[in-house]
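As stored in input_3.cif (mmCIF, C-alpha atoms):
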data_protein
#
loop_
_atom_site.label_atom_id
_atom_site.label_comp_id
_atom_site.auth_asym_id
_atom_site.auth_seq_id
_atom_site.Cartn_x
_atom_site.Cartn_y
_atom_site.Cartn_z
CA MET P 1 23.38 -18.12 -8.20
CA ALA P 2 19.88 -16.90 -9.08
CA SER P 3 19.43 -14.24 -11.72
CA VAL P 4 19.67 -10.69 -10.48
CA PRO P 5 16.22 -9.10 -10.05
CA ARG P 6 15.42 -5.73 -11.55
CA VAL P 7 15.81 -3.22 -8.75
CA PRO P 8 12.53 -1.37 -8.26
CA HIS P 9 12.22 2.22 -7.16
CA THR P 10 12.81 0.99 -3.60
CA ALA P 11 15.31 -1.77 -2.82
CA LEU P 12 14.82 -4.26 0.02
CA SER P 13 17.79 -4.81 2.34
CA VAL P 14 17.30 -7.60 4.88
CA ASN P 15 18.74 -6.99 8.35
CA LEU P 16 19.88 -10.31 9.84
CA ASN P 17 20.69 -9.19 13.39
CA LYS P 18 17.80 -11.13 14.92
CA VAL P 19 18.96 -14.33 13.23
CA ALA P 20 22.31 -13.80 14.96
CA LEU P 21 20.58 -13.12 18.28
CA LEU P 22 18.79 -16.48 18.10
CA ARG P 23 22.01 -18.26 17.11
CA ASN P 24 23.86 -16.74 20.05
CA ALA P 25 21.42 -18.31 22.51
CA ARG P 26 23.34 -21.59 22.10
CA GLN P 27 26.81 -22.67 20.97
CA LEU P 28 25.61 -24.76 18.01
CA GLY P 29 26.05 -22.27 15.19
CA ILE P 30 22.39 -22.42 14.19
CA PRO P 31 20.53 -20.72 12.68
CA SER P 32 23.21 -19.85 10.14
CA LEU P 33 23.51 -16.24 8.95
CA THR P 34 25.08 -17.32 5.68
CA ARG P 35 22.20 -19.70 4.95
CA ALA P 36 19.70 -17.00 5.88
CA ALA P 37 21.42 -14.46 3.65
CA THR P 38 21.67 -16.91 0.77
CA GLN P 39 17.97 -17.74 0.92
CA CYS P 40 17.01 -14.06 1.11
CA LEU P 41 19.21 -13.20 -1.86
CA GLN P 42 17.89 -16.15 -3.85
CA ALA P 43 14.37 -14.91 -3.14
CA GLY P 44 15.21 -11.50 -4.63
CA ALA P 45 16.38 -9.31 -1.74
CA HIS P 46 18.50 -6.48 -3.08
CA GLY P 47 20.90 -6.35 -0.16
CA ILE P 48 21.92 -7.49 3.31
CA THR P 49 22.23 -5.25 6.38
CA LEU P 50 24.21 -6.03 9.53
CA HIS P 51 24.63 -3.95 12.69
CA PRO P 52 27.70 -5.26 14.57
CA ARG P 53 27.49 -3.64 17.99
CA PRO P 54 30.61 -3.40 20.17
CA ASP P 55 29.28 -5.98 22.65
CA GLN P 56 28.57 -8.43 19.77
CA ARG P 57 25.34 -9.49 21.42
CA HIS P 58 23.92 -10.49 18.05
CA VAL P 59 26.04 -9.92 14.92
CA ARG P 60 29.71 -10.66 15.53
CA THR P 61 32.60 -9.10 13.67
CA SER P 62 33.35 -12.49 12.13
CA ASP P 63 29.80 -12.56 10.71
CA VAL P 64 30.48 -9.38 8.76
CA PHE P 65 33.48 -10.94 7.04
CA GLU P 66 31.66 -14.22 6.34
CA LEU P 67 28.75 -12.35 4.76
CA GLY P 68 31.21 -10.21 2.83
CA GLU P 69 32.70 -13.39 1.37
CA LEU P 70 29.23 -14.59 0.44
CA LEU P 71 28.35 -11.32 -1.28
CA LEU P 72 31.35 -11.65 -3.57
CA ASP P 73 29.12 -14.11 -5.44
CA TRP P 74 26.29 -11.55 -5.65
CA PRO P 75 28.00 -8.49 -7.16
CA GLU P 76 24.74 -6.73 -8.03
CA ARG P 77 23.48 -6.81 -4.44
CA GLU P 78 24.48 -4.37 -1.70
CA PHE P 79 26.14 -4.86 1.68
CA ASN P 80 25.07 -2.24 4.22
CA ILE P 81 26.84 -2.10 7.59
CA GLU P 82 25.31 0.15 10.23
CA GLY P 83 26.48 1.35 13.59
CA ASN P 84 28.02 4.20 15.51
CA PRO P 85 31.13 5.47 13.67
CA THR P 86 32.73 6.44 16.98
CA HIS P 87 32.63 2.78 18.12
CA ASN P 88 33.66 -0.19 15.96
CA LEU P 89 31.98 0.62 12.64
CA LEU P 90 34.94 2.14 10.80
CA ASP P 91 37.35 -0.52 12.05
CA VAL P 92 35.04 -3.18 10.59
CA ALA P 93 34.82 -1.23 7.34
CA ARG P 94 38.61 -0.92 7.11
CA GLU P 95 39.03 -4.66 7.57
CA LEU P 96 36.44 -5.38 4.87
CA LYS P 97 38.41 -3.12 2.55
CA ARG P 98 41.71 -4.77 3.50
CA ARG P 99 40.26 -8.20 2.67
CA GLY P 100 38.89 -7.00 -0.66
CA LEU P 101 35.30 -7.65 0.39
CA PRO P 102 32.30 -5.62 -0.78
CA LEU P 103 30.85 -2.72 1.14
CA GLN P 104 28.48 -0.42 -0.67
CA GLN P 105 27.00 1.54 2.24
CA LEU P 106 27.80 2.56 5.82
CA THR P 107 24.82 3.80 7.82
CA PHE P 108 25.89 5.99 10.73
CA VAL P 109 23.61 5.47 13.76
CA PRO P 110 24.01 7.45 17.02
CA ASP P 111 23.65 4.47 19.38
CA SER P 112 25.25 4.24 22.79
CA VAL P 113 27.32 1.13 23.52
CA GLY P 114 24.64 -0.75 25.45
CA GLN P 115 21.59 0.66 23.71
CA PHE P 116 18.76 -1.86 23.32
CA THR P 117 17.87 -0.72 19.80
CA SER P 118 18.24 2.40 17.68
CA ASP P 119 15.73 5.00 18.83
CA HIS P 120 16.75 8.41 17.47
CA GLY P 121 18.65 10.11 14.69
CA TRP P 122 21.65 12.43 14.65
CA ASN P 123 21.31 15.92 16.07
CA LEU P 124 22.38 18.43 13.44
CA PRO P 125 24.07 20.84 13.46
CA ALA P 126 25.22 19.87 16.98
CA ASP P 127 26.86 16.64 15.77
CA ALA P 128 28.37 18.18 12.62
CA ASP P 129 31.95 18.55 13.84
CA LEU P 130 31.94 14.95 15.09
CA LEU P 131 30.54 13.53 11.87
CA ARG P 132 32.41 15.46 9.21
CA PRO P 133 35.79 13.68 9.47
CA LEU P 134 34.13 10.29 10.02
CA ILE P 135 32.10 10.68 6.83
CA ALA P 136 35.30 11.53 4.95
CA GLN P 137 37.02 8.43 6.35
CA ALA P 138 34.13 6.19 5.29
CA GLN P 139 34.05 7.64 1.80
CA ALA P 140 37.81 7.17 1.47
CA LEU P 141 37.07 3.44 1.87
CA GLY P 142 34.69 3.62 -1.09
CA ALA P 143 31.48 3.43 0.91
CA ARG P 144 28.37 5.53 0.47
CA VAL P 145 27.40 7.21 3.77
CA SER P 146 23.83 7.31 5.02
CA LEU P 147 22.95 9.17 8.24
CA PHE P 148 20.19 7.81 10.48
CA MET P 149 17.82 10.76 10.96
CA ASP P 150 14.50 11.59 12.56
CA ALA P 151 11.67 12.67 10.25
CA ASP P 152 12.44 16.37 10.51
CA PRO P 153 12.96 18.49 7.39
CA GLN P 154 15.10 21.09 9.18
CA PRO P 155 18.50 19.30 9.43
CA MET P 156 18.53 17.73 5.97
CA ALA P 157 20.52 20.50 4.29
CA ALA P 158 23.08 20.25 7.10
CA ALA P 159 23.37 16.49 6.51
CA ARG P 160 24.14 17.10 2.85
CA ALA P 161 26.62 19.86 3.70
CA LEU P 162 28.61 17.30 5.72
CA GLY P 163 29.06 15.21 2.58
CA ALA P 164 26.56 12.42 3.28
CA GLU P 165 24.96 10.91 0.19
CA ARG P 166 21.86 9.53 1.88
CA VAL P 167 19.78 9.68 5.03
CA GLU P 168 17.82 6.82 6.57
CA LEU P 169 14.56 8.01 8.10
CA TYR P 170 13.90 6.43 11.50
CA THR P 171 10.38 5.03 11.03
CA GLU P 172 9.45 3.73 14.50
CA PRO P 173 7.18 6.74 15.24
CA TYR P 174 5.26 6.01 12.03
CA ALA P 175 4.99 2.30 12.88
CA ALA P 176 3.81 3.11 16.41
CA ALA P 177 1.05 5.31 14.99
CA TRP P 178 -0.18 2.70 12.49
CA HIS P 179 -3.33 1.77 14.46
CA THR P 180 -4.00 5.30 15.73
CA PRO P 181 -5.61 8.45 14.34
CA GLN P 182 -2.11 9.96 14.05
CA ARG P 183 -1.13 7.66 11.16
CA ASN P 184 -1.78 10.17 8.37
CA ALA P 185 -0.07 12.98 10.26
CA GLN P 186 3.00 10.79 10.66
CA LEU P 187 2.99 9.96 6.96
CA GLN P 188 2.95 13.67 6.17
CA ARG P 189 5.94 14.18 8.50
CA TYR P 190 7.91 11.55 6.62
CA ARG P 191 6.88 12.92 3.25
CA ALA P 192 8.04 16.41 4.25
CA ALA P 193 11.35 15.15 5.65
CA ALA P 194 12.05 13.07 2.55
CA GLN P 195 11.22 15.99 0.27
CA ALA P 196 13.56 18.28 2.22
CA ALA P 197 16.32 15.68 1.96
CA GLN P 198 15.80 15.25 -1.78
CA ASP P 199 15.71 19.01 -2.28
CA ALA P 200 19.07 19.20 -0.52
CA GLY P 201 20.54 16.61 -2.90
CA LEU P 202 20.28 13.57 -0.64
CA GLU P 203 18.84 10.16 -1.47
CA VAL P 204 16.51 8.70 1.15
CA ASN P 205 16.33 5.30 2.84
CA ALA P 206 13.97 4.23 5.63
CA GLY P 207 13.97 1.67 8.38
CA HIS P 208 12.86 0.51 11.83
CA ASP P 209 9.68 -1.41 12.67
CA LEU P 210 8.50 -1.59 9.06
CA ASN P 211 6.43 -4.67 8.32
CA ARG P 212 4.02 -6.23 5.81
CA ASP P 213 1.13 -4.14 7.14
CA ASN P 214 2.66 -0.66 7.09
CA LEU P 215 5.28 -0.78 4.33
CA SER P 216 3.13 -0.13 1.27
CA ALA P 217 1.41 2.89 2.80
CA LEU P 218 4.77 4.48 3.60
CA LEU P 219 6.02 3.94 0.06
CA ARG P 220 2.87 5.46 -1.43
CA ALA P 221 3.08 8.50 0.83
CA VAL P 222 6.83 9.04 0.50
CA PRO P 223 7.85 8.78 -3.16
CA GLY P 224 11.45 8.23 -4.11
CA LEU P 225 12.64 6.07 -1.21
CA ARG P 226 15.74 4.27 -2.43
CA GLU P 227 15.92 1.50 0.17
CA VAL P 228 14.09 0.03 3.13
CA SER P 229 16.07 -1.93 5.68
CA ILE P 230 13.86 -4.45 7.48
CA GLY P 231 14.93 -6.94 10.13
CA HIS P 232 12.83 -7.73 13.17
CA ALA P 233 9.45 -8.13 11.49
CA LEU P 234 10.89 -9.89 8.45
CA VAL P 235 12.77 -12.44 10.55
CA ALA P 236 9.70 -12.96 12.74
CA ASP P 237 7.62 -13.60 9.62
CA ALA P 238 10.28 -15.97 8.30
CA LEU P 239 10.01 -18.12 11.44
CA GLU P 240 6.47 -18.94 10.32
CA ARG P 241 6.66 -18.64 6.55
CA GLY P 242 10.29 -19.30 5.60
CA TYR P 243 12.77 -16.83 4.14
CA ALA P 244 11.79 -17.23 0.49
CA ALA P 245 8.06 -16.70 0.99
CA THR P 246 8.67 -13.82 3.41
CA VAL P 247 11.05 -11.95 1.12
CA ALA P 248 8.58 -12.46 -1.73
CA ASP P 249 5.84 -10.93 0.45
CA TYR P 250 7.92 -7.84 1.20
CA LEU P 251 8.85 -7.46 -2.46
CA ARG P 252 5.12 -7.60 -3.28
CA CYS P 253 4.47 -4.85 -0.71
CA ILE P 254 7.00 -2.72 -2.57
CA ALA P 255 5.59 -3.61 -5.96
CA VAL P 256 1.93 -2.89 -5.16
CA ALA P 257 2.92 0.52 -3.81
CA GLN P 258 5.07 1.53 -6.73
CA ASP P 259 4.12 -0.32 -9.90
CA PRO P 260 1.97 1.76 -12.26
#
So that I can check it, write out the structure of this file as structure tokens.
Amino acid sequence: MASVPRVPHTALSVNLNKVALLRNARQLGIPSLTRAATQCLQAGAHGITLHPRPDQRHVRTSDVFELGELLLDWPEREFNIEGNPTHNLLDVARELKRRGLPLQQLTFVPDSVGQFTSDHGWNLPADADLLRPLIAQAQALGARVSLFMDADPQPMAAARALGAERVELYTEPYAAAWHTPQRNAQLQRYRAAAQAAQDAGLEVNAGHDLNRDNLSALLRAVPGLREVSIGHALVADALERGYAATVADYLRCIAVAQDP
């Protein structure tokens, strides 16, 4: 096992769903999620993210347990499982706990069963009564709870009042504005939302459509981000560059934004 890297201000968690999607196109078991995760961790990634949807169209439930076994050998890295807590997420978490496998974070995402990809955050306070007992159940399993949220300062205090420890800011609107005059306005939205979350006592993650072009600017504009979860762009880059070189590139994007 490679030496554990010093965790910077922002940790990189690699989402491997798209590796699973490619594997599922055939019945050959390739590409391997465990090999992908191992190479990413060896290259310095601080964690692995999986989103096992109920239809298992990419990550399967069995993948979660196999990656959990792998992460036993990487005790300083984090395992983040995301999904809708009203679907299969908590059942997967309970089975991880039963098997004695690691699970540092559960990210609650308000996806519908057949949703193509995550495209919005929770609606607070409207979803508060739904989420409150589910957050308590997740925390009883020893997991930190992060709520997937739009970049809106208003509901952050409500998220903290429910007991969540973190929020993950949904960054697709920022990524979509990258090549437009609205880029700076979007960055200010995310800065304001993150500040409101931090003022409420929450830690802040970010994810969705982040890539090597737009990551550093987000980190400069939004200080204090604890984690970025990156999948689609990172896996696409890895098809051309390999996992090790790609993870190193993303770690450099973090470093150039945050090193003094």
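With all atoms listed in the file as the atoms that count, the residue of P:Leu96, P:Ala217, P:Ala248, P:Ala157 with the shortest distance to Trp178 (chain P) is P:Ala217.
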For Ile81 (chain P), list every protein, DNA or RNA residue within 12 Å, evaluated using all atoms listed in the file, and leave out those in the same chain fewer than 5 positions away; present the list as a ChimeraX atom specification.
-> /P:13-17,47-53,59,61,63-65,67-68,88-94,96,102-109,138,143-147,229
Run through the PyMOL selection byres ((chain P and resi 35) around 12) on the given coordinates and return the selected residues as a PyMOL selection string.
-> chain P and resi 16+19-20+29-34+36-42+63+66-67+70+242-244
Preceding selection exported with C-alpha atoms as a PDB file, in the coordinates of the input:
ATOM      1  CA  LEU P  16      19.880 -10.310   9.840  1.00  0.00           C
ATOM      2  CA  VAL P  19      18.960 -14.330  13.230  1.00  0.00           C
ATOM      3  CA  ALA P  20      22.310 -13.800  14.960  1.00  0.00           C
ATOM      4  CA  GLY P  29      26.050 -22.270  15.190  1.00  0.00           C
ATOM      5  CA  ILE P  30      22.390 -22.420  14.190  1.00  0.00           C
ATOM      6  CA  PRO P  31      20.530 -20.720  12.680  1.00  0.00           C
ATOM      7  CA  SER P  32      23.210 -19.850  10.140  1.00  0.00           C
ATOM      8  CA  LEU P  33      23.510 -16.240   8.950  1.00  0.00           C
ATOM      9  CA  THR P  34      25.080 -17.320   5.680  1.00  0.00           C
ATOM     10  CA  ALA P  36      19.700 -17.000   5.880  1.00  0.00           C
ATOM     11  CA  ALA P  37      21.420 -14.460   3.650  1.00  0.00           C
ATOM     12  CA  THR P  38      21.670 -16.910   0.770  1.00  0.00           C
ATOM     13  CA  GLN P  39      17.970 -17.740   0.920  1.00  0.00           C
ATOM     14  CA  CYS P  40      17.010 -14.060   1.110  1.00  0.00           C
ATOM     15  CA  LEU P  41      19.210 -13.200  -1.860  1.00  0.00           C
ATOM     16  CA  GLN P  42      17.890 -16.150  -3.850  1.00  0.00           C
ATOM     17  CA  ASP P  63      29.800 -12.560  10.710  1.00  0.00           C
ATOM     18  CA  GLU P  66      31.660 -14.220   6.340  1.00  0.00           C
ATOM     19  CA  LEU P  67      28.750 -12.350   4.760  1.00  0.00           C
ATOM     20  CA  LEU P  70      29.230 -14.590   0.440  1.00  0.00           C
ATOM     21  CA  GLY P 242      10.290 -19.300   5.600  1.00  0.00           C
ATOM     22  CA  TYR P 243      12.770 -16.830   4.140  1.00  0.00           C
ATOM     23  CA  ALA P 244      11.790 -17.230   0.490  1.00  0.00           C
TER      24      ALA P 244
END
Using the chain letters and numbers from this file, what does the PyMOL selection byres ((chain P and resi 151) around 8) select? Give the answer as a CSV table (one decimal) with C-alpha atoms, keeping the file's coordinate frame.
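So out22.csv came out as:
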chain,number,residue,atom,x,y,z
P,149,MET,CA,17.8,10.8,11.0
P,150,ASP,CA,14.5,11.6,12.6
P,152,ASP,CA,12.4,16.4,10.5
P,153,PRO,CA,13.0,18.5,7.4
P,169,LEU,CA,14.6,8.0,8.1
P,170,TYR,CA,13.9,6.4,11.5
P,171,THR,CA,10.4,5.0,11.0
P,189,ARG,CA,5.9,14.2,8.5
P,190,TYR,CA,7.9,11.6,6.6
P,192,ALA,CA,8.0,16.4,4.2
P,193,ALA,CA,11.4,15.2,5.6
P,194,ALA,CA,12.0,13.1,2.6
Selection near region 200-216 of chain P, 7 Å with only C-alpha atoms, sequence-local residues under 2 positions removed, as number ranges by chain = P: 156-157, 160, 165-172, 175, 178, 194, 196-198, 218-220, 225-230, 233-234, 250, 253-254, 257
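With only C-alpha atoms as the basis for measurement, P:Gln188 is the residue among P:Gln188, P:Thr86, P:Thr180, P:Ala43 that approaches Pro223 (chain P) most closely.
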To one decimal place, how far is CA of Leu22 (chain P) from CA of His58 (chain P) in Å?
-> 7.9 Å
What gap, in Å, lies between CA of Glu95 (chain P) and CA of Gln137 (chain P)?
-> 13.3 Å
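Of the residues under consideration (P:Ala176, P:Ala126, P:Ala45, P:Ala185), P:Ala45 shows the shortest atom-to-atom contact distance to Glu76 (chain P) when counting all atoms listed in the file.
From CA of Phe148 (chain P) back to CA of Ala136 (chain P), the distance works out to 16.5 Å.
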Could you tell me, as a list in words, which residues have any atom at most 6 Å from (7.3, -12.4, 4.9), counting only C-alpha atoms?
-> Leu234, Asp237, Ala238, Ala245, Thr246, Val247, Asp249 and Tyr250 of chain P
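Among the candidate residues P:Asp73, P:Asp55, P:Glu240, P:Asp199, the one lying nearest to Ala158 (chain P) is P:Asp199, with distances computed using only C-alpha atoms.
You can rank P:Arg252, P:Arg183, P:His232, P:His87 by their closest distance to Thr10 (chain P) using only C-alpha atoms, and at the top of that list sits P:Arg252.
The nearest approach to Ala164 (chain P) among the residues P:His120, P:Arg191, P:His179, P:Arg132, with all atoms listed in the file taken into account, belongs to P:Arg132.
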